[in-house]
file protein15.cif (mmCIF, C-alpha atoms)
data_my_file
loop_
_atom_site.label_atom_id
_atom_site.label_comp_id
_atom_site.auth_asym_id
_atom_site.auth_seq_id
_atom_site.Cartn_x
_atom_site.Cartn_y
_atom_site.Cartn_z
CA MET B 1 5.42 -12.61 3.28
CA ASP B 2 4.66 -10.69 0.11
CA GLN B 3 3.16 -7.24 0.31
CA LYS B 4 -0.61 -7.07 -0.09
CA LYS B 5 -2.03 -6.17 -3.47
CA ARG B 6 -4.16 -3.04 -3.16
CA VAL B 7 -7.26 -2.19 -5.16
CA LEU B 8 -9.19 1.08 -5.24
CA VAL B 9 -12.62 1.21 -6.86
CA ILE B 10 -13.90 4.58 -8.03
CA CYS B 11 -17.18 6.09 -9.12
CA LEU B 12 -18.37 9.66 -9.31
CA GLY B 13 -19.69 10.13 -5.75
CA ASN B 14 -18.64 6.97 -3.85
CA ILE B 15 -22.13 6.19 -2.56
CA CYS B 16 -23.48 3.69 -5.13
CA ARG B 17 -21.29 1.67 -7.48
CA SER B 18 -17.87 1.89 -5.85
CA PRO B 19 -19.10 0.95 -2.35
CA ILE B 20 -20.94 -2.02 -3.89
CA ALA B 21 -17.76 -3.04 -5.71
CA GLU B 22 -15.66 -2.58 -2.56
CA ALA B 23 -18.08 -4.70 -0.49
CA VAL B 24 -18.20 -7.43 -3.16
CA PHE B 25 -14.39 -7.44 -3.43
CA SER B 26 -13.98 -7.71 0.35
CA ASP B 27 -16.61 -10.44 0.54
CA GLN B 28 -14.94 -12.49 -2.21
CA ILE B 29 -11.49 -12.04 -0.64
CA ASN B 30 -12.89 -13.30 2.68
CA LYS B 31 -14.69 -16.23 1.07
CA LEU B 32 -11.48 -17.26 -0.71
CA GLY B 33 -9.48 -16.89 2.52
CA ILE B 34 -7.02 -14.49 0.92
CA ASN B 35 -7.57 -11.33 2.97
CA ASP B 36 -3.91 -11.49 3.96
CA LYS B 37 -3.03 -10.98 0.26
CA TRP B 38 -5.51 -8.29 -0.82
CA GLU B 39 -6.77 -4.95 0.42
CA VAL B 40 -9.60 -2.96 -1.15
CA GLU B 41 -11.04 0.53 -0.68
CA SER B 42 -13.34 2.82 -2.61
CA ALA B 43 -13.37 6.54 -3.32
CA ALA B 44 -15.05 9.28 -5.37
CA LEU B 45 -13.95 11.46 -8.23
CA ILE B 46 -15.79 14.39 -6.63
CA GLY B 47 -16.09 15.26 -2.95
CA TYR B 48 -19.81 16.06 -3.01
CA HIS B 49 -20.79 13.13 -0.75
CA THR B 50 -17.66 13.11 1.47
CA GLY B 51 -18.38 11.58 4.86
CA LYS B 52 -21.76 10.17 3.84
CA ASN B 53 -22.85 6.55 4.07
CA PRO B 54 -23.58 4.62 0.88
CA ASP B 55 -27.02 5.08 -0.69
CA HIS B 56 -29.66 3.15 1.30
CA ARG B 57 -30.52 1.16 -1.85
CA ALA B 58 -26.88 0.06 -2.19
CA MET B 59 -26.82 -1.06 1.43
CA SER B 60 -30.13 -2.92 1.18
CA THR B 61 -28.90 -4.67 -1.98
CA LEU B 62 -25.73 -5.78 -0.19
CA ARG B 63 -27.74 -7.06 2.78
CA GLU B 64 -30.12 -8.94 0.45
CA LYS B 65 -27.07 -10.59 -1.14
CA GLY B 66 -25.70 -11.66 2.25
CA ILE B 67 -23.10 -8.92 2.80
CA THR B 68 -24.12 -7.64 6.22
CA ASN B 69 -20.89 -6.43 7.81
CA TYR B 70 -20.05 -3.59 5.42
CA SER B 71 -19.74 0.04 6.44
CA HIS B 72 -18.21 2.93 4.57
CA LYS B 73 -17.94 6.72 4.50
CA ALA B 74 -17.48 8.38 1.11
CA ARG B 75 -14.13 10.00 0.43
CA PRO B 76 -12.55 11.66 -2.59
CA ILE B 77 -9.59 10.14 -4.40
CA THR B 78 -6.22 11.67 -3.49
CA THR B 79 -3.00 12.10 -5.44
CA ASP B 80 -1.36 9.56 -3.10
CA ASP B 81 -3.91 6.93 -4.14
CA PHE B 82 -2.25 6.74 -7.57
CA THR B 83 0.91 5.32 -5.98
CA LYS B 84 -0.63 3.64 -2.94
CA PHE B 85 -2.80 1.23 -4.97
CA ASP B 86 -1.83 -1.40 -7.55
CA TRP B 87 -5.12 -1.09 -9.46
CA ILE B 88 -7.65 1.72 -9.67
CA PHE B 89 -10.91 0.57 -11.21
CA GLY B 90 -13.41 2.97 -12.70
CA MET B 91 -17.01 2.04 -13.34
CA ASP B 92 -17.49 3.72 -16.72
CA ASN B 93 -15.56 5.49 -19.49
CA SER B 94 -16.01 8.96 -17.99
CA ASN B 95 -14.50 7.67 -14.71
CA ILE B 96 -11.50 6.33 -16.65
CA LYS B 97 -11.09 9.57 -18.60
CA GLU B 98 -11.18 11.62 -15.38
CA LEU B 99 -8.74 9.26 -13.62
CA ASN B 100 -6.31 9.52 -16.54
CA ASN B 101 -6.64 13.32 -16.52
CA MET B 102 -5.91 13.58 -12.79
CA LYS B 103 -3.20 10.94 -12.42
CA PRO B 104 0.21 12.31 -11.47
CA LYS B 105 3.35 11.59 -13.48
CA ASN B 106 4.56 9.13 -10.84
CA CYS B 107 1.36 7.06 -11.04
CA THR B 108 2.12 3.37 -10.50
CA ALA B 109 -1.47 2.10 -10.35
CA LYS B 110 -2.99 0.33 -13.32
CA ILE B 111 -6.17 2.23 -14.26
CA GLU B 112 -8.87 0.03 -15.78
CA LEU B 113 -12.60 -0.49 -16.10
CA LEU B 114 -13.72 -3.04 -13.52
CA GLY B 115 -16.18 -4.34 -16.12
CA LYS B 116 -13.26 -5.25 -18.38
CA TYR B 117 -13.16 -8.50 -16.41
CA ASP B 118 -16.90 -9.27 -16.78
CA PRO B 119 -17.23 -12.64 -18.56
CA GLN B 120 -20.55 -11.38 -19.98
CA ALA B 121 -18.67 -8.42 -21.53
CA GLU B 122 -20.78 -5.74 -19.84
CA THR B 123 -17.84 -3.39 -19.45
CA ILE B 124 -19.78 -0.40 -18.07
CA ILE B 125 -21.07 -0.87 -14.51
CA ARG B 126 -24.58 0.56 -14.48
CA ASP B 127 -25.06 3.80 -12.52
CA PRO B 128 -28.30 3.41 -10.53
CA TYR B 129 -28.13 6.72 -8.63
CA TYR B 130 -31.10 8.38 -10.36
CA ASP B 131 -33.30 5.27 -10.38
CA SER B 132 -36.52 5.34 -8.38
CA ASP B 133 -36.12 1.74 -7.19
CA SER B 134 -33.40 -0.80 -6.41
CA ALA B 135 -33.32 -2.72 -9.71
CA GLY B 136 -30.27 -0.84 -10.97
CA PHE B 137 -28.44 -1.49 -7.71
CA HIS B 138 -29.07 -5.23 -8.13
CA LYS B 139 -27.77 -4.98 -11.71
CA ALA B 140 -24.63 -3.12 -10.56
CA TYR B 141 -24.09 -5.73 -7.83
CA GLU B 142 -24.30 -8.62 -10.32
CA GLN B 143 -21.91 -6.87 -12.71
CA CYS B 144 -19.44 -6.20 -9.88
CA LEU B 145 -19.68 -9.78 -8.62
CA ARG B 146 -18.93 -11.28 -12.04
CA SER B 147 -16.07 -8.84 -12.67
CA VAL B 148 -14.46 -9.25 -9.24
CA LYS B 149 -14.64 -13.05 -9.38
CA ALA B 150 -13.05 -13.06 -12.85
CA PHE B 151 -10.36 -10.56 -11.80
CA LEU B 152 -9.40 -12.62 -8.74
CA GLU B 153 -9.43 -15.84 -10.78
CA GLN B 154 -7.18 -14.25 -13.42
CA HIS B 155 -4.68 -13.16 -10.77
CA LYS B 156 -4.73 -16.42 -8.83
CA GLY B 157 -1.73 -17.92 -10.59
CA LYS B 158 0.49 -14.84 -10.48
CA GLN B 159 2.19 -15.70 -7.17
CA ILE B 160 -0.31 -13.51 -5.37
CA PHE B 161 -1.82 -16.48 -3.56
CA TYR B 162 1.40 -18.32 -2.80
#
call {"tool": "encode", "arguments": {"input": "protein15.cif", "output": "structure tokens"}}
result
Amino acid sequence: MDQKKRVLVICLGNICRSPIAEAVFSDQINKLGINDKWEVESAALIGYHTGKNPDHRAMSTLREKGITNYSHKARPITTDDFTKFDWIFGMDNSNIKELNNMKPKNCTAKIELLGKYDPQAETIIRDPYYDSDSAGFHKAYEQCLRSVKAFLEQHKGKQIFY
């Protein structure tokens, strides 16, 4: 059996966008029946929220969308993550800039915007953290869902599923 492909999704604090993206990725992998081929985690660029649960608006959005079995504790990215994962996805350009600044010389992960795969070309995943309601969390969820589906579809024929 081939080794699992590993994906790490990153945002600034790991309580809004990256947990949503992780939950969506895991949900799609399960729905496609390919959880033996893929593994996904999420992490933060800063350790401010380390050990905390995702924002309650992120969790309620996931539940509203039918993802009810997700749990997560925020963690910061580590140097080892740059060799442990095949892809590291940032949510916006500042995430990508920071990831490229912190990556070690032996980095083997491909660092990309998750939104690069969005068929609607919304490359920046909206940051809803400072919103007063859940609308931005729904927007981030929809962007993540489109991007993750397109990413998995694009990688379907690359012997990952066979």
call {"tool": "resolve_selection", "arguments": {"input": "protein15.cif", "expression": "the PyMOL selection byres ((chain B and resi 82) around 12)", "output": "PyMOL selection string"}}
result
chain B and resi 6-10+43+77-81+83-89+99-111
call {"tool": "residues_around", "arguments": {"input": "protein15.cif", "residues": "stretch 117-125 of chain B", "least_positions_apart": "6", "cutoff": "7 Å", "atoms": "only C-alpha atoms", "output": "VMD selection string"}}
result
chain B and resid 91 to 92 140 143 146 to 147 150 to 151
call {"tool": "closest_residue", "arguments": {"input": "protein15.cif", "among": "B:Leu152, B:Gly90, B:Gln3, B:Trp38", "to": "B:Arg126", "atoms": "all atoms listed in the file"}}
result
B:Gly90
call {"tool": "residues_around", "arguments": {"input": "protein15.cif", "residues": "B:Ser134", "least_positions_apart": "6", "cutoff": "8 Å", "atoms": "all atoms listed in the file", "output": "compact mmCIF listing (two decimals) with C-alpha atoms, in the frame of the given file"}}
result
# COMPACT_ATOMS: atom_id res chain seq x y z
CA ARG B 57 -30.52 1.16 -1.85
CA ALA B 58 -26.88 0.06 -2.19
CA THR B 61 -28.90 -4.67 -1.98
CA PRO B 128 -28.30 3.41 -10.53
call {"tool": "residues_around", "arguments": {"input": "protein15.cif", "residues": "B:Ala21", "least_positions_apart": "6", "cutoff": "8 Å", "atoms": "all atoms listed in the file", "output": "PyMOL selection string"}}
result
chain B and resi 9+42+141+144-145+148
call {"tool": "atom_distance", "arguments": {"input": "protein15.cif", "atom1": "atom CA of B:Glu22", "atom2": "atom CA of B:Lys156"}}
result
18.7 Å
call {"tool": "residues_around", "arguments": {"input": "protein15.cif", "residues": "B:Pro54", "least_positions_apart": "3", "cutoff": "9 Å", "atoms": "all atoms listed in the file", "output": "mmCIF file with C-alpha atoms, in the coordinates of the input"}}
result
data_model
loop_
_atom_site.group_PDB
_atom_site.id
_atom_site.type_symbol
_atom_site.label_atom_id
_atom_site.label_comp_id
_atom_site.auth_asym_id
_atom_site.auth_seq_id
_atom_site.Cartn_x
_atom_site.Cartn_y
_atom_site.Cartn_z
ATOM 1 C CA ASN B 14 -18.640 6.970 -3.850
ATOM 2 C CA ILE B 15 -22.130 6.190 -2.560
ATOM 3 C CA CYS B 16 -23.480 3.690 -5.130
ATOM 4 C CA PRO B 19 -19.100 0.950 -2.350
ATOM 5 C CA ILE B 20 -20.940 -2.020 -3.890
ATOM 6 C CA ARG B 57 -30.520 1.160 -1.850
ATOM 7 C CA ALA B 58 -26.880 0.060 -2.190
ATOM 8 C CA MET B 59 -26.820 -1.060 1.430
ATOM 9 C CA SER B 71 -19.740 0.040 6.440
ATOM 10 C CA HIS B 72 -18.210 2.930 4.570
ATOM 11 C CA LYS B 73 -17.940 6.720 4.500
ATOM 12 C CA ALA B 74 -17.480 8.380 1.110
#
call {"tool": "atom_distance", "arguments": {"input": "protein15.cif", "atom1": "atom CA of B:Leu45", "atom2": "atom CA of B:Asn95"}}
result
7.5 Å
call {"tool": "atom_distance", "arguments": {"input": "protein15.cif", "atom1": "atom CA of B:Gly47", "atom2": "atom CA of B:Tyr129"}}
result
15.8 Å
call {"tool": "closest_residue", "arguments": {"input": "protein15.cif", "among": "B:Gln28, B:Asn35, B:Asn69, B:Ser60", "to": "B:Ala135", "atoms": "all atoms listed in the file"}}
result
B:Ser60
call {"tool": "axis_aligned_box", "arguments": {"input": "protein15.cif", "around": "stretch 87-90 of chain B", "padding_each_side": "6 Å", "output": "AutoDock Vina command-line options"}}
result
--center_x -9.3 --center_y 0.9 --center_z -11.1 --size_x 20.3 --size_y 16.1 --size_z 15.2
call {"tool": "resolve_selection", "arguments": {"input": "protein15.cif", "expression": "the PyMOL selection byres ((chain B and resi 51) around 7)", "output": "list in words"}}
result
His49, Thr50, Lys52, Asn53, Lys73, Ala74 and Arg75 of chain B
call {"tool": "write_last_selection", "arguments": {"input": "protein15.cif", "atoms": "C-alpha atoms", "output": "mmCIF file, in the frame of the given file"}}
result
data_model
loop_
_atom_site.group_PDB
_atom_site.id
_atom_site.type_symbol
_atom_site.label_atom_id
_atom_site.label_comp_id
_atom_site.auth_asym_id
_atom_site.auth_seq_id
_atom_site.Cartn_x
_atom_site.Cartn_y
_atom_site.Cartn_z
ATOM 1 C CA HIS B 49 -20.790 13.130 -0.750
ATOM 2 C CA THR B 50 -17.660 13.110 1.470
ATOM 3 C CA LYS B 52 -21.760 10.170 3.840
ATOM 4 C CA ASN B 53 -22.850 6.550 4.070
ATOM 5 C CA LYS B 73 -17.940 6.720 4.500
ATOM 6 C CA ALA B 74 -17.480 8.380 1.110
ATOM 7 C CA ARG B 75 -14.130 10.000 0.430
#
call {"tool": "closest_residue", "arguments": {"input": "protein15.cif", "among": "B:Ser94, B:Leu32, B:His155, B:Pro76", "to": "B:Asp127", "atoms": "only C-alpha atoms"}}
result
B:Ser94
call {"tool": "closest_residue", "arguments": {"input": "protein15.cif", "among": "B:Asp133, B:Lys116, B:Arg17, B:Lys37", "to": "B:Lys5", "atoms": "only C-alpha atoms"}}
result
B:Lys37
call {"tool": "closest_residue", "arguments": {"input": "protein15.cif", "among": "B:Asp55, B:Lys65, B:Lys149, B:Tyr70", "to": "B:Glu41", "atoms": "only C-alpha atoms"}}
result
B:Tyr70
call {"tool": "build_atoms", "arguments": {"input": "protein15.cif", "residues": "stretch 2-34 of chain B", "atoms": "N, CA and C atoms", "output": "PDB file, in the frame of the given file"}}
result
ATOM      1  N   ASP B   2       4.772 -11.716   1.131  1.00  0.00           N
ATOM      2  CA  ASP B   2       4.660 -10.690   0.110  1.00  0.00           C
ATOM      3  C   ASP B   2       3.755  -9.561   0.579  1.00  0.00           C
ATOM      4  N   GLN B   3       3.992  -8.390   0.004  1.00  0.00           N
ATOM      5  CA  GLN B   3       3.160  -7.240   0.310  1.00  0.00           C
ATOM      6  C   GLN B   3       1.765  -7.459  -0.285  1.00  0.00           C
ATOM      7  N   LYS B   4       0.759  -6.958   0.408  1.00  0.00           N
ATOM      8  CA  LYS B   4      -0.610  -7.070  -0.090  1.00  0.00           C
ATOM      9  C   LYS B   4      -0.773  -6.324  -1.400  1.00  0.00           C
ATOM     10  N   LYS B   5      -1.619  -6.875  -2.261  1.00  0.00           N
ATOM     11  CA  LYS B   5      -2.030  -6.170  -3.470  1.00  0.00           C
ATOM     12  C   LYS B   5      -3.187  -5.271  -3.079  1.00  0.00           C
ATOM     13  N   ARG B   6      -3.167  -4.038  -3.578  1.00  0.00           N
ATOM     14  CA  ARG B   6      -4.160  -3.040  -3.160  1.00  0.00           C
ATOM     15  C   ARG B   6      -4.989  -2.585  -4.357  1.00  0.00           C
ATOM     16  N   VAL B   7      -6.298  -2.563  -4.132  1.00  0.00           N
ATOM     17  CA  VAL B   7      -7.260  -2.190  -5.160  1.00  0.00           C
ATOM     18  C   VAL B   7      -8.101  -1.022  -4.656  1.00  0.00           C
ATOM     19  N   LEU B   8      -8.300  -0.032  -5.529  1.00  0.00           N
ATOM     20  CA  LEU B   8      -9.190   1.080  -5.240  1.00  0.00           C
ATOM     21  C   LEU B   8     -10.258   1.118  -6.325  1.00  0.00           C
ATOM     22  N   VAL B   9     -11.521   1.115  -5.905  1.00  0.00           N
ATOM     23  CA  VAL B   9     -12.620   1.210  -6.860  1.00  0.00           C
ATOM     24  C   VAL B   9     -13.229   2.604  -6.767  1.00  0.00           C
ATOM     25  N   ILE B  10     -13.508   3.179  -7.920  1.00  0.00           N
ATOM     26  CA  ILE B  10     -13.900   4.580  -8.030  1.00  0.00           C
ATOM     27  C   ILE B  10     -15.238   4.699  -8.770  1.00  0.00           C
ATOM     28  N   CYS B  11     -16.062   5.608  -8.321  1.00  0.00           N
ATOM     29  CA  CYS B  11     -17.180   6.090  -9.120  1.00  0.00           C
ATOM     30  C   CYS B  11     -17.295   7.589  -8.866  1.00  0.00           C
ATOM     31  N   LEU B  12     -18.290   8.210  -9.415  1.00  0.00           N
ATOM     32  CA  LEU B  12     -18.370   9.660  -9.310  1.00  0.00           C
ATOM     33  C   LEU B  12     -18.483  10.142  -7.865  1.00  0.00           C
ATOM     34  N   GLY B  13     -19.449   9.606  -7.095  1.00  0.00           N
ATOM     35  CA  GLY B  13     -19.690  10.130  -5.750  1.00  0.00           C
ATOM     36  C   GLY B  13     -19.345   9.223  -4.595  1.00  0.00           C
ATOM     37  N   ASN B  14     -19.029   7.947  -4.866  1.00  0.00           N
ATOM     38  CA  ASN B  14     -18.640   6.970  -3.850  1.00  0.00           C
ATOM     39  C   ASN B  14     -19.772   6.646  -2.875  1.00  0.00           C
ATOM     40  N   ILE B  15     -21.018   6.621  -3.400  1.00  0.00           N
ATOM     41  CA  ILE B  15     -22.130   6.190  -2.560  1.00  0.00           C
ATOM     42  C   ILE B  15     -22.972   5.080  -3.202  1.00  0.00           C
ATOM     43  N   CYS B  16     -22.688   4.734  -4.458  1.00  0.00           N
ATOM     44  CA  CYS B  16     -23.480   3.690  -5.130  1.00  0.00           C
ATOM     45  C   CYS B  16     -22.596   2.553  -5.647  1.00  0.00           C
ATOM     46  N   ARG B  17     -22.020   2.755  -6.825  1.00  0.00           N
ATOM     47  CA  ARG B  17     -21.290   1.670  -7.480  1.00  0.00           C
ATOM     48  C   ARG B  17     -19.992   1.280  -6.792  1.00  0.00           C
ATOM     49  N   SER B  18     -19.162   2.257  -6.439  1.00  0.00           N
ATOM     50  CA  SER B  18     -17.870   1.890  -5.850  1.00  0.00           C
ATOM     51  C   SER B  18     -17.998   1.254  -4.472  1.00  0.00           C
ATOM     52  N   PRO B  19     -18.936   1.692  -3.611  1.00  0.00           N
ATOM     53  CA  PRO B  19     -19.100   0.950  -2.350  1.00  0.00           C
ATOM     54  C   PRO B  19     -19.596  -0.486  -2.582  1.00  0.00           C
ATOM     55  N   ILE B  20     -20.497  -0.656  -3.565  1.00  0.00           N
ATOM     56  CA  ILE B  20     -20.940  -2.020  -3.890  1.00  0.00           C
ATOM     57  C   ILE B  20     -19.749  -2.851  -4.325  1.00  0.00           C
ATOM     58  N   ALA B  21     -18.935  -2.310  -5.223  1.00  0.00           N
ATOM     59  CA  ALA B  21     -17.760  -3.040  -5.710  1.00  0.00           C
ATOM     60  C   ALA B  21     -16.780  -3.340  -4.579  1.00  0.00           C
ATOM     61  N   GLU B  22     -16.561  -2.368  -3.696  1.00  0.00           N
ATOM     62  CA  GLU B  22     -15.660  -2.580  -2.560  1.00  0.00           C
ATOM     63  C   GLU B  22     -16.183  -3.705  -1.664  1.00  0.00           C
ATOM     64  N   ALA B  23     -17.481  -3.672  -1.353  1.00  0.00           N
ATOM     65  CA  ALA B  23     -18.080  -4.700  -0.490  1.00  0.00           C
ATOM     66  C   ALA B  23     -18.004  -6.076  -1.134  1.00  0.00           C
ATOM     67  N   VAL B  24     -18.274  -6.153  -2.428  1.00  0.00           N
ATOM     68  CA  VAL B  24     -18.200  -7.430  -3.160  1.00  0.00           C
ATOM     69  C   VAL B  24     -16.765  -7.942  -3.154  1.00  0.00           C
ATOM     70  N   PHE B  25     -15.805  -7.058  -3.432  1.00  0.00           N
ATOM     71  CA  PHE B  25     -14.390  -7.440  -3.430  1.00  0.00           C
ATOM     72  C   PHE B  25     -13.994  -7.998  -2.076  1.00  0.00           C
ATOM     73  N   SER B  26     -14.327  -7.271  -1.009  1.00  0.00           N
ATOM     74  CA  SER B  26     -13.980  -7.710   0.350  1.00  0.00           C
ATOM     75  C   SER B  26     -14.635  -9.044   0.676  1.00  0.00           C
ATOM     76  N   ASP B  27     -15.892  -9.199   0.284  1.00  0.00           N
ATOM     77  CA  ASP B  27     -16.610 -10.440   0.540  1.00  0.00           C
ATOM     78  C   ASP B  27     -15.956 -11.615  -0.193  1.00  0.00           C
ATOM     79  N   GLN B  28     -15.574 -11.417  -1.444  1.00  0.00           N
ATOM     80  CA  GLN B  28     -14.940 -12.490  -2.210  1.00  0.00           C
ATOM     81  C   GLN B  28     -13.553 -12.830  -1.637  1.00  0.00           C
ATOM     82  N   ILE B  29     -12.811 -11.820  -1.250  1.00  0.00           N
ATOM     83  CA  ILE B  29     -11.490 -12.040  -0.640  1.00  0.00           C
ATOM     84  C   ILE B  29     -11.646 -12.868   0.638  1.00  0.00           C
ATOM     85  N   ASN B  30     -12.634 -12.539   1.455  1.00  0.00           N
ATOM     86  CA  ASN B  30     -12.890 -13.300   2.680  1.00  0.00           C
ATOM     87  C   ASN B  30     -13.315 -14.723   2.385  1.00  0.00           C
ATOM     88  N   LYS B  31     -14.217 -14.893   1.420  1.00  0.00           N
ATOM     89  CA  LYS B  31     -14.690 -16.230   1.070  1.00  0.00           C
ATOM     90  C   LYS B  31     -13.563 -17.117   0.543  1.00  0.00           C
ATOM     91  N   LEU B  32     -12.620 -16.510  -0.172  1.00  0.00           N
ATOM     92  CA  LEU B  32     -11.480 -17.260  -0.710  1.00  0.00           C
ATOM     93  C   LEU B  32     -10.363 -17.443   0.325  1.00  0.00           C
ATOM     94  N   GLY B  33     -10.496 -16.779   1.468  1.00  0.00           N
ATOM     95  CA  GLY B  33      -9.480 -16.890   2.520  1.00  0.00           C
ATOM     96  C   GLY B  33      -8.172 -16.231   2.159  1.00  0.00           C
ATOM     97  N   ILE B  34      -8.246 -15.152   1.380  1.00  0.00           N
ATOM     98  CA  ILE B  34      -7.020 -14.490   0.920  1.00  0.00           C
ATOM     99  C   ILE B  34      -6.942 -13.029   1.380  1.00  0.00           C
TER     100      ILE B  34
END
